[in-house]
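Everything below belongs to protein_1.pdb, which stores PDB, C-alpha atoms, pLDDT in the B column.
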```pdb
ATOM      1  CA  MET A  30       6.366 132.218 -15.282  1.00 47.00           C
ATOM      2  CA  LYS A  31       8.265 129.701 -13.192  1.00 49.00           C
ATOM      3  CA  GLU A  32       9.950 128.395 -16.380  1.00 52.00           C
ATOM      4  CA  MET A  33      11.036 131.936 -17.355  1.00 50.00           C
ATOM      5  CA  LYS A  34      12.638 132.464 -13.936  1.00 48.00           C
ATOM      6  CA  LYS A  35      14.527 129.195 -14.395  1.00 49.00           C
ATOM      7  CA  ILE A  36      15.799 130.349 -17.802  1.00 50.00           C
ATOM      8  CA  ILE A  37      16.896 133.698 -16.391  1.00 47.00           C
ATOM      9  CA  ARG A  38      18.626 131.981 -13.484  1.00 46.00           C
ATOM     10  CA  ASP A  39      20.324 129.599 -15.939  1.00 47.00           C
ATOM     11  CA  LEU A  40      21.909 132.562 -17.723  1.00 51.00           C
ATOM     12  CA  SER A  41      24.375 132.745 -14.850  1.00 53.00           C
ATOM     13  CA  ASN A  42      25.120 129.071 -15.568  1.00 54.00           C
ATOM     14  CA  PRO A  43      28.060 128.754 -17.939  1.00 54.00           C
ATOM     15  CA  GLU A  44      26.089 126.651 -20.439  1.00 81.00           C
ATOM     16  CA  PHE A  45      25.012 129.190 -23.026  1.00 87.00           C
ATOM     17  CA  SER A  46      25.183 129.039 -26.807  1.00 92.00           C
ATOM     18  CA  PHE A  47      23.733 130.644 -29.896  1.00 94.00           C
ATOM     19  CA  LYS A  48      23.741 130.218 -33.648  1.00 95.00           C
ATOM     20  CA  TYR A  49      22.807 133.114 -35.919  1.00 95.00           C
ATOM     21  CA  THR A  50      22.538 132.804 -39.707  1.00 94.00           C
ATOM     22  CA  GLU A  51      21.882 135.170 -42.607  1.00 92.00           C
ATOM     23  CA  LEU A  52      21.198 133.561 -45.964  1.00 91.00           C
ATOM     24  CA  GLY A  53      20.212 134.779 -49.416  1.00 85.00           C
ATOM     25  CA  GLY A  54      19.007 138.139 -50.560  1.00 78.00           C
ATOM     26  CA  ILE A  55      19.911 139.862 -53.798  1.00 74.00           C
ATOM     27  CA  THR A  56      23.641 139.438 -53.109  1.00 73.00           C
ATOM     28  CA  SER A  57      23.284 135.762 -52.056  1.00 76.00           C
ATOM     29  CA  ARG A  58      25.062 136.473 -48.809  1.00 79.00           C
ATOM     30  CA  TYR A  59      25.849 133.879 -46.189  1.00 87.00           C
ATOM     31  CA  LEU A  60      26.870 134.476 -42.606  1.00 88.00           C
ATOM     32  CA  LEU A  61      27.012 132.076 -39.706  1.00 91.00           C
ATOM     33  CA  VAL A  62      27.971 133.234 -36.226  1.00 92.00           C
ATOM     34  CA  SER A  63      27.957 130.843 -33.308  1.00 93.00           C
ATOM     35  CA  TYR A  64      29.147 130.735 -29.741  1.00 92.00           C
ATOM     36  CA  ASN A  65      29.389 127.978 -27.168  1.00 90.00           C
ATOM     37  CA  SER A  66      30.277 128.776 -23.564  1.00 87.00           C
ATOM     38  CA  LYS A  67      31.619 125.243 -22.959  1.00 88.00           C
ATOM     39  CA  THR A  68      34.423 125.868 -25.445  1.00 88.00           C
ATOM     40  CA  ASN A  69      34.309 129.680 -25.092  1.00 86.00           C
ATOM     41  CA  ILE A  70      34.756 129.975 -28.855  1.00 90.00           C
ATOM     42  CA  LEU A  71      33.039 132.532 -31.069  1.00 90.00           C
ATOM     43  CA  THR A  72      32.940 131.255 -34.655  1.00 90.00           C
ATOM     44  CA  SER A  73      31.984 132.951 -37.901  1.00 89.00           C
ATOM     45  CA  SER A  74      31.854 131.816 -41.488  1.00 88.00           C
ATOM     46  CA  SER A  75      30.934 133.771 -44.581  1.00 84.00           C
ATOM     47  CA  ASP A  76      31.099 130.755 -46.868  1.00 76.00           C
ATOM     48  CA  VAL A  77      28.368 128.106 -47.133  1.00 74.00           C
ATOM     49  CA  SER A  78      31.008 125.385 -47.596  1.00 69.00           C
ATOM     50  CA  GLY A  79      32.485 126.263 -44.217  1.00 66.00           C
ATOM     51  CA  SER A  80      35.926 126.825 -45.745  1.00 70.00           C
ATOM     52  CA  ASN A  81      36.146 130.434 -44.565  1.00 77.00           C
ATOM     53  CA  ILE A  82      35.918 130.042 -40.778  1.00 84.00           C
ATOM     54  CA  THR A  83      37.228 132.424 -38.143  1.00 86.00           C
ATOM     55  CA  GLN A  84      37.349 131.424 -34.486  1.00 89.00           C
ATOM     56  CA  LYS A  85      38.236 133.481 -31.470  1.00 87.00           C
ATOM     57  CA  GLN A  86      37.803 133.466 -27.718  1.00 88.00           C
ATOM     58  CA  PRO A  87      35.685 136.446 -26.699  1.00 87.00           C
ATOM     59  CA  SER A  88      36.655 138.428 -23.643  1.00 87.00           C
ATOM     60  CA  GLU A  89      34.783 137.677 -20.442  1.00 86.00           C
ATOM     61  CA  SER A  90      33.035 141.049 -20.690  1.00 89.00           C
ATOM     62  CA  ASP A  91      31.896 140.259 -24.253  1.00 88.00           C
ATOM     63  CA  GLU A  92      30.515 136.904 -23.121  1.00 85.00           C
ATOM     64  CA  GLN A  93      28.659 138.629 -20.278  1.00 86.00           C
ATOM     65  CA  GLU A  94      27.303 141.224 -22.720  1.00 88.00           C
ATOM     66  CA  LEU A  95      25.918 138.447 -24.945  1.00 85.00           C
ATOM     67  CA  LYS A  96      24.202 136.760 -21.989  1.00 84.00           C
ATOM     68  CA  GLU A  97      22.848 140.074 -20.772  1.00 88.00           C
ATOM     69  CA  VAL A  98      21.346 141.069 -24.127  1.00 88.00           C
ATOM     70  CA  VAL A  99      19.514 137.711 -24.241  1.00 84.00           C
ATOM     71  CA  ARG A 100      18.281 138.014 -20.655  1.00 82.00           C
ATOM     72  CA  GLU A 101      17.104 141.623 -21.065  1.00 87.00           C
ATOM     73  CA  ASN A 102      15.213 140.952 -24.286  1.00 88.00           C
ATOM     74  CA  GLU A 103      13.304 137.805 -23.319  1.00 87.00           C
ATOM     75  CA  PHE A 104      14.168 135.905 -26.488  1.00 91.00           C
ATOM     76  CA  PHE A 105      12.439 132.773 -25.207  1.00 90.00           C
ATOM     77  CA  LYS A 106       9.083 134.585 -25.407  1.00 91.00           C
ATOM     78  CA  THR A 107       9.383 135.322 -29.152  1.00 93.00           C
ATOM     79  CA  ARG A 108       7.496 133.355 -31.817  1.00 94.00           C
ATOM     80  CA  THR A 109       9.292 130.692 -33.825  1.00 95.00           C
ATOM     81  CA  ASP A 110       8.500 132.321 -37.179  1.00 95.00           C
ATOM     82  CA  TYR A 111       7.963 135.835 -38.529  1.00 95.00           C
ATOM     83  CA  PRO A 112       7.098 135.224 -42.194  1.00 92.00           C
ATOM     84  CA  PRO A 113       7.073 137.929 -44.882  1.00 91.00           C
ATOM     85  CA  GLU A 114       3.742 139.138 -46.282  1.00 85.00           C
ATOM     86  CA  LYS A 115       4.592 137.515 -49.609  1.00 86.00           C
ATOM     87  CA  GLU A 116       7.336 135.157 -50.713  1.00 83.00           C
ATOM     88  CA  ASP A 117      10.179 136.669 -52.716  1.00 84.00           C
ATOM     89  CA  GLU A 118      13.345 134.838 -53.750  1.00 82.00           C
ATOM     90  CA  ASN A 119      15.343 138.038 -53.222  1.00 85.00           C
ATOM     91  CA  LEU A 120      14.577 138.163 -49.496  1.00 90.00           C
ATOM     92  CA  ALA A 121      17.306 137.362 -47.015  1.00 90.00           C
ATOM     93  CA  ALA A 122      16.354 134.787 -44.401  1.00 93.00           C
ATOM     94  CA  TYR A 123      17.607 134.905 -40.818  1.00 95.00           C
ATOM     95  CA  THR A 124      17.529 132.409 -37.974  1.00 96.00           C
ATOM     96  CA  LEU A 125      18.615 132.665 -34.382  1.00 97.00           C
ATOM     97  CA  THR A 126      18.818 129.749 -31.981  1.00 97.00           C
ATOM     98  CA  ILE A 127      19.738 130.313 -28.360  1.00 94.00           C
ATOM     99  CA  THR A 128      20.311 127.597 -25.791  1.00 92.00           C
ATOM    100  CA  VAL A 129      20.469 128.300 -22.074  1.00 88.00           C
ATOM    101  CA  GLY A 130      20.936 125.227 -19.917  1.00 87.00           C
ATOM    102  CA  ASP A 131      18.366 122.671 -21.122  1.00 86.00           C
ATOM    103  CA  ASN A 132      16.204 125.295 -22.861  1.00 89.00           C
ATOM    104  CA  ALA A 133      16.534 126.034 -26.559  1.00 93.00           C
ATOM    105  CA  HIS A 134      14.503 128.381 -28.764  1.00 95.00           C
ATOM    106  CA  THR A 135      14.750 129.179 -32.465  1.00 97.00           C
ATOM    107  CA  THR A 136      13.110 131.962 -34.407  1.00 96.00           C
ATOM    108  CA  GLY A 137      13.251 132.826 -38.096  1.00 96.00           C
ATOM    109  CA  TRP A 138      12.451 135.933 -40.139  1.00 96.00           C
ATOM    110  CA  THR A 139      13.193 137.740 -43.391  1.00 93.00           C
ATOM    111  CA  ASP A 140      14.075 141.326 -44.201  1.00 88.00           C
ATOM    112  CA  ALA A 141      10.378 141.834 -45.092  1.00 90.00           C
ATOM    113  CA  SER A 142       8.840 140.235 -41.986  1.00 93.00           C
ATOM    114  CA  LYS A 143       6.050 142.132 -40.264  1.00 87.00           C
ATOM    115  CA  ASP A 144       5.719 142.662 -36.502  1.00 88.00           C
ATOM    116  CA  MET A 145       9.322 141.808 -35.714  1.00 90.00           C
ATOM    117  CA  PRO A 146       9.883 142.405 -32.013  1.00 92.00           C
ATOM    118  CA  ASP A 147      12.600 144.864 -31.062  1.00 91.00           C
ATOM    119  CA  ALA A 148      13.962 142.162 -28.753  1.00 91.00           C
ATOM    120  CA  ILE A 149      15.243 140.066 -31.661  1.00 94.00           C
ATOM    121  CA  ILE A 150      16.800 143.085 -33.369  1.00 92.00           C
ATOM    122  CA  LYS A 151      18.539 144.101 -30.120  1.00 93.00           C
ATOM    123  CA  ILE A 152      19.966 140.598 -29.636  1.00 94.00           C
ATOM    124  CA  VAL A 153      21.210 140.417 -33.248  1.00 93.00           C
ATOM    125  CA  ASN A 154      22.719 143.898 -32.938  1.00 93.00           C
ATOM    126  CA  GLY A 155      24.444 142.760 -29.725  1.00 91.00           C
ATOM    127  CA  ILE A 156      25.863 139.702 -31.497  1.00 90.00           C
ATOM    128  CA  LYS A 157      27.053 141.823 -34.433  1.00 89.00           C
ATOM    129  CA  ARG A 158      28.626 144.378 -32.091  1.00 88.00           C
ATOM    130  CA  ILE A 159      30.672 141.645 -30.350  1.00 86.00           C
ATOM    131  CA  VAL A 160      31.611 140.005 -33.661  1.00 83.00           C
ATOM    132  CA  SER A 161      32.759 143.348 -35.025  1.00 82.00           C
ATOM    133  CA  LYS A 162      34.670 144.227 -31.848  1.00 74.00           C
ATOM    134  CA  GLU A 163      36.358 140.806 -31.825  1.00 67.00           C
ATOM    135  CA  LYS A 164      37.069 141.213 -35.579  1.00 69.00           C
ATOM    136  CA  ILE A 165      35.877 137.755 -36.545  1.00 65.00           C
ATOM    137  CA  VAL A 166      33.825 138.715 -39.618  1.00 58.00           C
TER     138      VAL A 166
END
```

Show me this structure written as structure tokens.
Amino acid sequence: MKEMKKIIRDLSNPEFSFKYTELGGITSRYLLVSYNSKTNILTSSSDVSGSNITQKQPSESDEQELKEVVRENEFFKTRTDYPPEKEDENLAAYTLTITVGDNAHTTGWTDASKDMPDAIIKIVNGIKRIVSKEKIV
């Protein structure tokens, strides 16, 4: 519990970053969205080679919204893996890594994972909302 309070307190600390990826599926999609508060740059790429990169500085309110969605949804309490019931090469795979201060947590899932917590979906939706609003994808 003490560790969780430290993480929450660290969210007011400017050191905050995330990396979200979508990979595969029937359409072989690729999406990478990342943010680092040290540089205050939101980056996206829809090309595995990294040749199609868009970078933008989010507004202060967008940065605060990202931090808030992480804090509210207790991402650091989620499991590291939410596997599908059965393997399927047509499944899209997702990963989300969030770093707050010295604490980092990564979780992975597919579009057929069971028992996915709403918290992860809310965080991803928050990231996608900012990315869409900032027009970087």

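Closest approach to Asn81 of chain A among A:Arg158, A:Leu60, A:Glu101, A:Val129 is made by A:Leu60 (distances from all atoms listed in the file).
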
Practice prompt. Expand the PyMOL selection byres ((chain A and resi 141) around 8) into the individual residues it matches in the shown file, reporting them as number ranges by chain.
Written response: A: 112-114, 120, 138-140, 142-143

Worksheet entry | All residues 7 Å or closer to Tyr59 of chain A, only C-alpha atoms, same chain fewer than 3 positions away omitted, as number ranges by chain | A: 51-53, 75-77

Worksheet item: Hey, what's within 8 Å of segment 86-96 of chain A if we count all atoms listed in the file and toss same-chain stuff fewer than 6 positions away? As an MDAnalysis selection string, please?
Response: chainID A and resid 40 45 69:71 152 155:156 159 163

Discussion item. Please return as a PyMOL selection string every residue within 10 Å of (25.9, 132.2, -34.8), taking into account all atoms listed in the file and the file's own coordinates.
Written reply: chain A and resi 46-51+60-65+71-74+124-127+153+156-157+160

Could you write those residues out with C-alpha atoms, as a compact mmCIF listing (two decimals), keeping the file's coordinate frame?
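Result file is out_8.txt:
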```txt
# COMPACT_ATOMS: atom_id res chain seq x y z
CA SER A 46 25.18 129.04 -26.81
CA PHE A 47 23.73 130.64 -29.90
CA LYS A 48 23.74 130.22 -33.65
CA TYR A 49 22.81 133.11 -35.92
CA THR A 50 22.54 132.80 -39.71
CA GLU A 51 21.88 135.17 -42.61
CA LEU A 60 26.87 134.48 -42.61
CA LEU A 61 27.01 132.08 -39.71
CA VAL A 62 27.97 133.23 -36.23
CA SER A 63 27.96 130.84 -33.31
CA TYR A 64 29.15 130.74 -29.74
CA ASN A 65 29.39 127.98 -27.17
CA LEU A 71 33.04 132.53 -31.07
CA THR A 72 32.94 131.26 -34.66
CA SER A 73 31.98 132.95 -37.90
CA SER A 74 31.85 131.82 -41.49
CA THR A 124 17.53 132.41 -37.97
CA LEU A 125 18.61 132.66 -34.38
CA THR A 126 18.82 129.75 -31.98
CA ILE A 127 19.74 130.31 -28.36
CA VAL A 153 21.21 140.42 -33.25
CA ILE A 156 25.86 139.70 -31.50
CA LYS A 157 27.05 141.82 -34.43
CA VAL A 160 31.61 140.00 -33.66
```

Worksheet, complete the sentence: Across A:Thr68, A:Thr136, A:Ile149, A:Glu116, the smallest distance to Arg100 of chain A, with only C-alpha atoms counted, is shown by A:Ile149
